[in-house]
Structures are given as C-alpha cells and as structure tokens.
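**Q** My file is coords_35.cif. It has mmCIF, C-alpha atoms:
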```cif
data_coords
#
loop_
_atom_site.label_atom_id
_atom_site.label_comp_id
_atom_site.auth_asym_id
_atom_site.auth_seq_id
_atom_site.Cartn_x
_atom_site.Cartn_y
_atom_site.Cartn_z
CA MET Q 1 -20.36 17.61 -2.33
CA VAL Q 2 -19.02 14.92 0.03
CA LEU Q 3 -21.91 15.34 2.45
CA LYS Q 4 -24.75 16.23 0.08
CA GLU Q 5 -24.03 13.66 -2.63
CA HIS Q 6 -22.70 10.82 -0.51
CA LEU Q 7 -22.59 10.87 3.27
CA LEU Q 8 -25.93 12.57 3.97
CA THR Q 9 -27.89 10.20 1.76
CA THR Q 10 -29.77 7.05 2.66
CA ASP Q 11 -26.74 5.01 1.62
CA TYR Q 12 -24.81 6.00 4.74
CA LEU Q 13 -25.63 6.21 8.42
CA GLN Q 14 -23.70 8.49 10.74
CA ILE Q 15 -22.50 6.84 13.92
CA SER Q 16 -20.19 8.06 16.67
CA LEU Q 17 -16.51 7.18 16.73
CA GLN Q 18 -17.09 5.15 19.88
CA GLU Q 19 -19.84 3.13 18.23
CA ALA Q 20 -17.68 2.61 15.15
CA LYS Q 21 -14.87 1.26 17.30
CA HIS Q 22 -17.32 -0.93 19.20
CA ARG Q 23 -18.67 -2.40 15.96
CA MET Q 24 -15.15 -2.98 14.68
CA GLU Q 25 -14.29 -4.79 17.89
CA ASN Q 26 -17.35 -7.02 17.47
CA ILE Q 27 -16.31 -7.80 13.90
CA ARG Q 28 -12.77 -8.50 15.07
CA GLN Q 29 -14.01 -10.96 17.69
CA ALA Q 30 -16.35 -12.65 15.20
CA LEU Q 31 -13.58 -13.04 12.63
CA LYS Q 32 -11.12 -14.25 15.26
CA SER Q 33 -13.55 -16.94 16.40
CA LEU Q 34 -14.03 -17.98 12.76
CA LEU Q 35 -10.25 -18.28 12.44
CA LYS Q 36 -10.12 -20.38 15.58
CA ILE Q 37 -12.80 -22.75 14.31
CA HIS Q 38 -11.21 -23.20 10.88
CA GLN Q 39 -7.52 -22.97 11.76
CA ALA Q 40 -7.00 -26.65 10.95
CA ILE Q 41 -7.54 -26.00 7.24
CA LEU Q 42 -5.20 -22.99 7.12
CA THR Q 43 -1.63 -23.40 5.94
CA LYS Q 44 1.34 -22.36 8.08
CA GLN Q 45 1.84 -19.22 5.98
CA GLU Q 46 -1.83 -18.27 6.28
CA LYS Q 47 -1.75 -18.72 10.06
CA LEU Q 48 1.34 -16.52 10.26
CA TYR Q 49 -0.31 -13.94 8.02
CA PHE Q 50 -3.35 -13.65 10.28
CA GLU Q 51 -1.30 -13.75 13.47
CA ARG Q 52 1.03 -10.94 12.38
CA SER Q 53 -1.64 -8.86 10.64
CA LEU Q 54 -3.92 -8.87 13.65
CA GLN Q 55 -1.06 -7.76 15.91
CA ALA Q 56 -0.32 -4.71 13.78
CA PRO Q 57 -2.02 -1.38 14.53
CA LEU Q 58 -5.24 -1.04 12.53
CA ARG Q 59 -7.13 2.05 11.39
CA LEU Q 60 -10.74 2.72 10.55
CA PRO Q 61 -11.54 3.00 6.83
CA VAL Q 62 -11.60 6.60 5.58
CA PHE Q 63 -14.04 8.13 3.11
CA TYR Q 64 -12.94 10.88 0.73
CA GLY Q 65 -13.70 12.13 -2.76
CA LEU Q 66 -11.60 12.86 -5.82
CA PRO Q 67 -12.94 15.82 -7.83
CA LYS Q 68 -13.73 15.10 -11.48
CA VAL Q 69 -12.74 18.43 -13.01
CA HIS Q 70 -13.28 17.16 -16.54
CA LYS Q 71 -17.04 16.93 -15.87
CA THR Q 72 -19.54 19.79 -15.72
CA PRO Q 73 -20.69 20.40 -13.06
CA ILE Q 74 -17.77 19.10 -11.02
CA ILE Q 75 -18.64 15.90 -9.15
CA LEU Q 76 -16.67 13.64 -6.85
CA ARG Q 77 -15.51 10.09 -7.27
CA PRO Q 78 -16.16 8.50 -3.85
CA ILE Q 79 -13.27 6.52 -2.42
CA MET Q 80 -13.42 4.30 0.63
CA SER Q 81 -9.86 3.75 1.70
CA SER Q 82 -9.63 0.52 3.67
CA CYS Q 83 -5.84 0.25 3.75
CA SER Q 84 -4.58 -1.19 7.05
CA SER Q 85 -8.13 -1.78 8.24
CA LEU Q 86 -9.37 -4.98 9.85
CA LEU Q 87 -11.46 -5.99 6.86
CA SER Q 88 -8.57 -5.48 4.44
CA ILE Q 89 -6.70 -8.32 6.21
CA PHE Q 90 -9.50 -10.72 5.40
CA SER Q 91 -10.24 -9.34 1.94
CA ASN Q 92 -6.57 -9.73 0.99
CA TRP Q 93 -6.61 -13.34 2.15
CA LEU Q 94 -9.88 -13.96 0.30
CA ASP Q 95 -8.36 -12.53 -2.86
CA TYR Q 96 -5.37 -14.85 -2.45
CA LYS Q 97 -7.58 -17.92 -1.96
CA MET Q 98 -9.92 -17.08 -4.81
CA LYS Q 99 -7.05 -16.88 -7.29
CA ASP Q 100 -6.94 -20.68 -7.15
CA LEU Q 101 -10.54 -20.81 -8.35
CA LEU Q 102 -10.04 -18.33 -11.18
CA PRO Q 103 -8.88 -20.87 -13.83
CA LEU Q 104 -12.14 -22.76 -13.26
CA VAL Q 105 -14.11 -19.86 -14.76
CA LYS Q 106 -14.75 -20.68 -18.43
CA SER Q 107 -14.08 -17.14 -19.64
CA TYR Q 108 -10.79 -16.89 -17.73
CA LEU Q 109 -7.80 -15.77 -19.76
CA LYS Q 110 -4.36 -15.67 -18.19
CA ASN Q 111 -2.92 -13.05 -20.52
CA SER Q 112 -2.89 -11.86 -24.13
CA THR Q 113 -0.14 -14.37 -25.07
CA THR Q 114 -2.44 -17.24 -24.05
CA VAL Q 115 -5.20 -15.81 -26.26
CA ILE Q 116 -2.86 -15.63 -29.25
CA ASN Q 117 -1.62 -19.19 -28.67
CA ASP Q 118 -5.18 -20.48 -28.29
CA LEU Q 119 -6.27 -18.75 -31.49
CA LYS Q 120 -3.41 -20.36 -33.42
CA HIS Q 121 -4.88 -23.79 -32.71
CA ILE Q 122 -8.36 -22.95 -33.95
CA ASN Q 123 -9.20 -24.06 -37.49
CA LEU Q 124 -11.46 -21.48 -39.07
CA PRO Q 125 -12.93 -21.48 -42.59
CA ASN Q 126 -11.74 -18.80 -45.00
CA GLY Q 127 -13.41 -15.44 -44.51
CA ALA Q 128 -14.59 -16.26 -40.98
CA LEU Q 129 -14.90 -13.33 -38.61
CA LEU Q 130 -14.27 -13.46 -34.86
CA PHE Q 131 -16.29 -11.31 -32.45
CA MET S 1 18.82 12.56 -1.99
CA PRO S 2 17.11 13.93 1.14
CA TYR S 3 18.86 12.89 4.34
CA THR S 4 15.68 11.34 5.80
CA ILE S 5 15.44 8.86 2.90
CA LEU S 6 19.06 7.84 3.33
CA HIS S 7 18.64 7.71 7.10
CA ASN S 8 15.63 5.37 6.76
CA ALA S 9 17.20 3.26 4.02
CA ALA S 10 20.51 2.66 5.81
CA PRO S 11 19.15 0.23 8.47
CA THR S 12 17.37 -1.77 5.74
CA ILE S 13 20.58 -2.07 3.75
CA MET S 14 22.51 -3.00 6.89
CA ALA S 15 19.90 -5.60 7.95
CA SER S 16 19.67 -7.31 4.55
CA SER S 17 23.09 -8.95 4.83
CA PRO S 18 22.56 -10.60 8.26
CA ILE S 19 19.15 -11.85 7.05
CA LYS S 20 20.77 -13.34 3.96
CA TYR S 21 23.36 -15.15 6.11
CA HIS S 22 20.70 -16.29 8.59
CA LEU S 23 18.64 -17.86 5.77
CA LYS S 24 21.73 -19.45 4.24
CA ASP S 25 23.06 -20.84 7.53
CA ASN S 26 19.71 -22.35 8.45
CA ASN S 27 19.03 -23.75 4.97
CA LEU S 28 15.98 -21.56 4.60
CA ALA S 29 17.10 -19.72 1.47
CA ASN S 30 15.48 -22.13 -0.97
CA GLU S 31 12.51 -23.25 1.06
CA GLY S 32 10.12 -21.72 -1.44
CA LYS S 33 7.42 -21.09 1.13
CA TYR S 34 7.38 -17.35 0.66
CA ILE S 35 4.02 -16.11 -0.63
CA LYS S 36 4.28 -12.45 -1.45
CA GLN S 37 0.59 -11.59 -1.18
CA ILE S 38 0.12 -12.90 2.33
CA TYR S 39 3.57 -12.15 3.68
CA VAL S 40 3.69 -9.84 6.71
CA LYS S 41 7.04 -8.88 8.15
CA ASN S 42 7.74 -9.99 11.70
CA ASN S 43 8.61 -6.76 13.50
CA PHE S 44 9.55 -8.58 16.69
CA TRP S 45 12.44 -10.51 15.16
CA SER S 46 15.87 -9.37 14.13
CA PRO S 47 18.64 -11.57 12.72
CA LEU S 48 21.82 -12.31 14.61
CA PRO S 49 24.78 -10.26 13.41
CA ALA S 50 26.71 -11.67 10.47
CA LEU S 51 30.37 -12.64 10.78
CA THR S 52 32.54 -9.92 12.35
CA PRO S 53 34.50 -9.00 9.18
CA ILE S 54 31.23 -8.58 7.27
CA GLU S 55 29.67 -6.51 10.04
CA ASP S 56 32.82 -4.35 10.17
CA LYS S 57 32.68 -3.76 6.43
CA LEU S 58 29.01 -2.90 6.61
CA THR S 59 29.55 -0.46 9.47
CA SER S 60 32.40 1.28 7.68
CA PHE S 61 30.27 1.45 4.51
CA GLU S 62 27.41 3.03 6.47
CA LYS S 63 29.78 5.55 8.05
CA ALA S 64 31.33 6.46 4.69
CA LEU S 65 27.88 6.80 3.09
CA LYS S 66 26.63 9.13 5.82
CA ALA S 67 29.83 11.17 5.77
CA ALA S 68 29.66 11.58 1.98
CA HIS S 69 26.04 12.61 2.16
CA LEU S 70 26.73 15.10 4.92
CA THR S 71 29.56 16.69 2.91
CA GLN S 72 27.35 16.90 -0.17
CA SER S 73 24.39 18.38 1.68
CA PHE S 74 26.70 20.90 3.41
CA ARG S 75 27.86 22.08 -0.03
CA THR S 76 24.38 22.40 -1.48
CA THR S 77 22.43 23.86 1.45
CA LYS S 78 24.00 27.26 0.83
CA LEU S 79 22.67 27.28 -2.72
CA ASN S 80 19.02 27.87 -3.49
CA LEU S 81 18.29 24.71 -5.46
CA ASN S 82 14.52 25.02 -5.24
CA ASN S 83 12.86 25.19 -8.65
CA LEU S 84 10.27 27.64 -7.30
CA THR S 85 10.93 31.30 -6.68
CA PHE S 86 10.45 32.71 -3.20
CA PRO S 87 7.11 34.44 -4.07
CA GLN S 88 5.86 31.17 -5.60
CA GLN S 89 6.78 29.25 -2.45
CA LYS S 90 5.11 31.89 -0.30
CA THR S 91 1.93 31.79 -2.39
CA LEU S 92 1.78 28.01 -2.20
CA LYS S 93 2.16 28.15 1.57
CA LEU S 94 -0.61 30.76 1.79
CA LEU S 95 -2.92 28.51 -0.23
CA LYS S 96 -2.01 25.50 1.89
CA ASP S 97 -2.65 27.32 5.17
CA ASN S 98 -5.94 28.85 4.04
CA SER S 99 -8.71 26.90 5.78
CA ASN S 100 -11.28 28.15 3.24
CA LEU S 101 -9.49 26.21 0.52
CA ILE S 102 -8.81 22.52 0.23
CA ILE S 103 -6.18 20.87 -1.94
CA LYS S 104 -7.10 17.43 -3.26
CA LEU S 105 -5.80 15.12 -5.92
CA MET S 106 -8.02 14.95 -8.99
CA ASP S 107 -9.69 11.92 -10.49
CA LYS S 108 -7.87 10.22 -13.42
CA ASN S 109 -4.58 11.26 -11.84
CA LEU S 110 -4.81 14.73 -13.38
CA GLY S 111 -2.79 16.37 -10.60
CA PRO S 112 -3.75 18.54 -7.64
CA ALA S 113 -6.88 20.70 -7.54
CA ILE S 114 -7.82 23.56 -5.25
CA LEU S 115 -11.45 23.78 -4.18
CA GLU S 116 -13.34 25.94 -1.74
CA THR S 117 -13.87 23.92 1.42
CA THR S 118 -17.60 24.64 1.37
CA THR S 119 -17.86 23.23 -2.17
CA TYR S 120 -15.96 20.07 -1.26
CA VAL S 121 -17.75 19.38 2.00
#
```
Now, as a test, write the supplied structure out as structure tokens.
**A**
Amino acid sequence: MVLKEHLLTTDYLQISLQEAKHRMENIRQALKSLLKIHQAILTKQEKLYFERSLQAPLRLPVFYGLPKVHKTPIILRPIMSSCSSLLSIFSNWLDYKMKDLLPLVKSYLKNSTTVINDLKHINLPNGALLF
Amino acid sequence: MPYTILHNAAPTIMASSPIKYHLKDNNLANEGKYIKQIYVKNNFWSPLPALTPIEDKLTSFEKALKAAHLTQSFRTTKLNLNNLTFPQQKTLKLLKDNSNLIIKLMDKNLGPAILETTTYV
C-alpha cells in the first residue's frame, strides 16, 4: 500500500540517499544565507533559537502510513514525519511569527469564552436565529 | 518505576537546583525573555554547583533514592509481576520477530495492528 498508493505515484520521485543529503545541504546553505541577510531584524531569542537548532543533529523526514482498519478495503493515512528535520526548525519559527498576525484575521476567535462574551454584547431582536 | 527512568531523571533533578540558584544570583529569574516555542536548550552549558550544603543534601538525596530503588527492585525481581503469561510473551515475541509481519499503530489511535509486510509495502 505504501508504495502502490503513495510512493510509486507521480506525486513522489525516488532519489538516492546521497542526493537527498546533497539537496538538504543546499537548502541548509540557502536558509543560512537568508538568516545572515536578515539577522538584523531577528530578536536575541530568535538568533539563539536558530544558532542552537542548527547545531543539533538533524534527520531526514520519514514517510510512513497508519492503517485505517475501520475502512474497507484497508487504506493508509500517509504521514510525513519531519520532527528534528532542517525544515521543521524554520516551520516552527514561522508558526511562532505568524501567531502575531492571527488576530488580524477577521474570523479569528481566541477561544469559546471570547465567543460567549462577544455574543453577550450583541443586541438581537426577539426570535432571531444565529447561524 | 523502571531503573532507567530513575537513572535518567536523577541528573535532571540534581541539575535543577544549581540552575535555579544561577538564575537567582544573576538576577535572571524574572527576566521574562523565555519563549517556550522557540526555546532550545544549550547542551554546551552547565551551571556552577550550588552552595556546598545544598550540593551535599542533593547528593545524599540522590544516593538515598538510588539505594531505595535498588532495594525495591531486588525484592520484586524474584516475583513474576508481568501481566502476560509466559506463552503470551513468547507469542508476542514470535510475532515481533517475524519479518513477514509488520506491527504498526492504527489511524485514529485505535491501538496496534498487525499486517502482512507485503500488504503494507
């Protein structure tokens, strides 16, 4: 199932381990040069984060599947585990930075308590329905 | 508690006190610059030892903890505390060692599943 349904399809391309490592090294160099260019806008904590994360041993992302036994026929849920990979360092930082932008989204809701409090301040006519 | 867990946890417990004193002595305890999401531990730094009486207490606590655990594990190793019977353990090992079968976790956290390797691959 892993090969037929996922890895041996047009969505994926098989490359050698050496080539994978070579590509990762290229990405690492590209990202490092980006960091160097933009280091002036990074905070002290962010600089430390990148410095320490890039020193730690990294691993290549791993593909595996979780069988869905409640479906007939049994299929797999594809998982791409990127823990401790190079890209996870940057995606984690991106997630951290983007949290600041989240309240700017009009549909953003912090939690259910905020919704309840907001609803309390809305004046609705009798019999009105909310969807 | 398995000895390995205790063995791995002991240094963390022992290190936490010197770190606390280091932060307090250097007025770093309330700096508020700690951001959990982007915090990465510095593995190349270790705090200076705390004051001698504190270090002594910590060492004696560690010794007592290890001794107590050793005594307890010595008492229980003679008893078969496994919740599986011997045939069950043997069968599980056979399944695990069989290269024609693969054991994977299921989707929706439904537990482990055993599949034929050819089906999975």
**Q** Just the number, please: distance in Å from atom CA of Q:Ile41 to atom CA of Q:Leu101, one decimal.
**A**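 Between atom CA of Q:Ile41 and atom CA of Q:Leu101 the gap is 16.7 Å.
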**Q** As an exercise, work out the distance from atom CA of S:Lys63 to atom CA of S:Asn82 in Å and give it to one decimal place.
**A** 28.1 Å
**Q** Using the chain letters and numbers from the file, give me the residues hit by the PyMOL selection byres ((chain S) within 12 of (chain Q)), as a ChimeraX atom specification.
**A** /S:32-45,102-121
**Q** Name the residues captured by the PyMOL selection byres ((chain S and resi 9-24) around 7) when it is applied to the shown file; answer as a CSV table (one decimal) with C-alpha atoms, keeping the file's coordinate frame.
**A**
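Generated output (expr-v4.csv):
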```csv
chain,number,residue,atom,x,y,z
S,5,ILE,CA,15.4,8.9,2.9
S,6,LEU,CA,19.1,7.8,3.3
S,7,HIS,CA,18.6,7.7,7.1
S,8,ASN,CA,15.6,5.4,6.8
S,25,ASP,CA,23.1,-20.8,7.5
S,26,ASN,CA,19.7,-22.4,8.4
S,27,ASN,CA,19.0,-23.8,5.0
S,28,LEU,CA,16.0,-21.6,4.6
S,29,ALA,CA,17.1,-19.7,1.5
S,47,PRO,CA,18.6,-11.6,12.7
S,48,LEU,CA,21.8,-12.3,14.6
S,49,PRO,CA,24.8,-10.3,13.4
S,50,ALA,CA,26.7,-11.7,10.5
S,58,LEU,CA,29.0,-2.9,6.6
S,62,GLU,CA,27.4,3.0,6.5
```
**Q** Mind giving me the straight-line distance from atom CA of Q:Phe90 to atom CA of Q:Leu17 in Å, one decimal?
**A**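 Atom CA of Q:Phe90 sits 22.3 Å away from atom CA of Q:Leu17.
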